[in-house]
Amino acid sequence: MAKLKNGKHRRKDGSWDPLKDSSTDRQTAEVIPKTPQSASPSYRLAYADDEFLCREELRPVRLQLELLKTEMILTERNIKSTVVMFGGARIPAPGQAAWAAKNDIQKKNLENASIYYEEARKFAQQCSKQSLRSDYHEYVVVTGGGPGVMEAGNRGAADVGAPSVGLNIVLPHEQAPNPYVTPELSFNFHYFAIRKMHFLMRAKAITIFPGGFGTLDEFFEAVTLIQTKRMAPIPLILFSKAFWHDIINFEALAAFGTIAPEDLDLLHFAETAEEAWQIIADFYDLNEETAP
């Protein structure tokens, strides 16, 4: 019996696998002679058939694929923990026009809010400097991958040569990845639920900058999971106490009884990158020589 060459039938992880791999068969199937039979959609390999994969009945499979793809890539990069940065896509960088403004009042407010773009950028720089201590395995910056505060977060990491993650989602607008996301860590989602899972699965801290409905959705999802003890308590930091108290009366919720008074302790407020990072550093004793 002929002997197989060593390594010819091994997977990337070194495991022995004598079976033909799926990629090879997919390539072979693409060059077979075209006949009425081979041209029929029914003949396509199931895993290489986009129309089949997009059928309504395959939704459970697509949910699983979106969860698996990002998880596998982050695991391969040995990313063990992250710092999440939520915030408005419409907040411009300092000196830039408010592209999303619909009137003069919005233009003024959004351009004044560019201070949060700058603080987000500084904050991401500090997170990334800490991440360097673990060879970028811990405290890796993750954003929604879009413009505004998200861009500032990825940009801050890029400023100091650090990788950062972008979790984009297909939307009618704002969906293109910003240019500062590490290309190999740039992801795209169809399902909001799976995207939000990936925001939280490795989160050691969550920062929430001023934003709109999307930011509010992400904030309330996170604080509810912590409040109900479905997630470990981690620093949940809201930038700009004035902004958040202007749009949400947290104390009124507690006074009315719809949340417990101690639930207010789940929230931290910061005005600057330095203040926000200090909250995280104190929580994890990062002021010591060795981070946990």
# chains A, B, ... in the order shown; residues from 1 in each chain; ligands from 1
call {"tool": "closest_atom_pairs", "arguments": {"of": "segment 174-215 of chain A", "to": "segment 151-170 of chain A", "cutoff": "8 Å", "atoms": "only C-alpha atoms", "output": "Markdown table"}}
result
| residue | atom | partner | partner_atom | distance |
| --- | --- | --- | --- | --- |
| A:Gln175 | CA | A:Val170 | CA | 5.6 |
| A:Ala176 | CA | A:Asn168 | CA | 7.4 |
| A:Pro177 | CA | A:Asn168 | CA | 6.6 |
| A:Asn178 | CA | A:Glu151 | CA | 5.8 |
| A:Pro179 | CA | A:Glu151 | CA | 7.9 |
| A:Tyr180 | CA | A:Arg155 | CA | 5.1 |
| A:Val181 | CA | A:Asn154 | CA | 5.4 |
| A:Thr182 | CA | A:Pro163 | CA | 5.6 |
| A:Leu185 | CA | A:Val165 | CA | 5.0 |
| A:Ser186 | CA | A:Gly166 | CA | 4.9 |
| A:Phe187 | CA | A:Leu167 | CA | 5.1 |
| A:Asn188 | CA | A:Asn168 | CA | 4.7 |
| A:Phe189 | CA | A:Ile169 | CA | 4.5 |
| A:His190 | CA | A:Val170 | CA | 5.9 |
| A:Tyr191 | CA | A:Ile169 | CA | 7.7 |
| A:Phe192 | CA | A:Ile169 | CA | 7.4 |
| A:Arg195 | CA | A:Leu167 | CA | 6.8 |
| A:Phe199 | CA | A:Leu167 | CA | 7.9 |
call {"tool": "write_last_selection", "arguments": {"atoms": "C-alpha atoms", "output": "PDB file, in the first residue's frame"}}
result
ATOM      1  CA  GLN A 175     -22.706  51.289   7.245  1.00  0.00           C
ATOM      2  CA  ALA A 176     -19.293  51.570   5.530  1.00  0.00           C
ATOM      3  CA  PRO A 177     -16.343  50.707   7.793  1.00  0.00           C
ATOM      4  CA  ASN A 178     -14.277  53.707   8.804  1.00  0.00           C
ATOM      5  CA  PRO A 179     -10.683  53.607   7.516  1.00  0.00           C
ATOM      6  CA  TYR A 180      -9.133  53.109  10.961  1.00  0.00           C
ATOM      7  CA  VAL A 181     -10.586  49.672  11.719  1.00  0.00           C
ATOM      8  CA  THR A 182      -7.972  46.913  11.487  1.00  0.00           C
ATOM      9  CA  LEU A 185     -10.904  42.685  12.403  1.00  0.00           C
ATOM     10  CA  SER A 186     -13.561  44.431  10.326  1.00  0.00           C
ATOM     11  CA  PHE A 187     -16.865  42.537  10.472  1.00  0.00           C
ATOM     12  CA  ASN A 188     -20.301  43.005   8.957  1.00  0.00           C
ATOM     13  CA  PHE A 189     -23.627  41.795  10.323  1.00  0.00           C
ATOM     14  CA  HIS A 190     -27.196  41.307   9.221  1.00  0.00           C
ATOM     15  CA  TYR A 191     -28.583  40.508  12.682  1.00  0.00           C
ATOM     16  CA  PHE A 192     -28.505  43.222  15.348  1.00  0.00           C
ATOM     17  CA  ARG A 195     -23.766  41.943  16.675  1.00  0.00           C
ATOM     18  CA  PHE A 199     -20.000  43.637  21.685  1.00  0.00           C
TER      19      PHE A 199
END
call {"tool": "residues_around", "arguments": {"residues": "Ala120 of chain A", "least_positions_apart": "2", "cutoff": "7 Å", "atoms": "only C-alpha atoms", "output": "list in words"}}
result
Tyr116, Tyr117, Glu118, Lys122, Phe123, Ala124, Val149, Ala152, Gly153 and Ala273 of chain A
call {"tool": "select_by_dssp", "arguments": {"residues": "segment 31-145 of chain A", "states": "strand (DSSP E or B)", "output": "list in words"}}
result
Thr82, Val83, Val84, Met85, Phe86, Val140, Val141, Val142 and Thr143 of chain A
call {"tool": "atom_distance", "arguments": {"atom1": "atom CA of Gly88 of chain A", "atom2": "atom CA of Leu216 of chain A"}}
result
9.7 Å
call {"tool": "closest_residue", "arguments": {"among": "A:Tyr47, A:Ala260, A:Ser131, A:Phe213", "to": "Arg62 of chain A", "atoms": "only C-alpha atoms"}}
result
A:Tyr47
call {"tool": "closest_residue", "arguments": {"among": "A:Ala113, A:Lys69, A:Leu225, A:Gly146", "to": "Phe243 of chain A", "atoms": "only C-alpha atoms"}}
result
A:Ala113
call {"tool": "closest_residue", "arguments": {"among": "A:His137, A:Gly87, A:Glu51, A:Val223", "to": "Ile259 of chain A", "atoms": "only C-alpha atoms"}}
result
A:Val223
call {"tool": "residues_around", "arguments": {"residues": "Ala101 of chain A", "least_positions_apart": "6", "cutoff": "10 Å", "atoms": "only C-alpha atoms", "output": "list in words"}}
result
Arg90, Ile91, Lys107, Lys108, Asn109, Leu110 and Glu111 of chain A
call {"tool": "closest_atom_pairs", "arguments": {"of": "segment 52-127 of chain A", "to": "segment 203-207 of chain A", "cutoff": "7 Å", "atoms": "only C-alpha atoms", "output": "JSON lines"}}
result
{"residue": "A:Ser81", "atom": "CA", "partner": "A:Ala203", "partner_atom": "CA", "distance": 5.8}
{"residue": "A:Thr82", "atom": "CA", "partner": "A:Ala203", "partner_atom": "CA", "distance": 4.8}
{"residue": "A:Val83", "atom": "CA", "partner": "A:Ala205", "partner_atom": "CA", "distance": 5.0}
{"residue": "A:Val84", "atom": "CA", "partner": "A:Ile206", "partner_atom": "CA", "distance": 4.7}
{"residue": "A:Met85", "atom": "CA", "partner": "A:Thr207", "partner_atom": "CA", "distance": 5.0}
{"residue": "A:Phe86", "atom": "CA", "partner": "A:Thr207", "partner_atom": "CA", "distance": 6.1}
call {"tool": "atom_distance", "arguments": {"atom1": "atom CA of Ala270 of chain A", "atom2": "atom CA of Phe283 of chain A"}}
result
14.5 Å
call {"tool": "atom_distance", "arguments": {"atom1": "atom CA of Glu275 of chain A", "atom2": "atom CA of Leu238 of chain A"}}
result
10.9 Å
call {"tool": "select_by_dssp", "arguments": {"residues": "segment 20-235 of chain A", "states": "helix (DSSP H, G or I)", "output": "PyMOL selection string"}}
result
chain A and resi 22-30+41-43+46-48+50-53+56-76+104-112+114-132+149-159+183-185+192-200+213-227
call {"tool": "closest_residue", "arguments": {"among": "A:Lys102, A:His268, A:Arg121, A:Lys12", "to": "Glu76 of chain A", "atoms": "only C-alpha atoms"}}
result
A:Lys12
call {"tool": "closest_residue", "arguments": {"among": "A:Glu218, A:Leu68, A:Asp265, A:Leu236", "to": "Phe250 of chain A", "atoms": "only C-alpha atoms"}}
result
A:Asp265
call {"tool": "residues_around", "arguments": {"residues": "segment 24-36 of chain A", "least_positions_apart": "5", "cutoff": "10 Å", "atoms": "only C-alpha atoms", "output": "VMD selection string"}}
result
chain A and resid 43 to 45 47 to 48
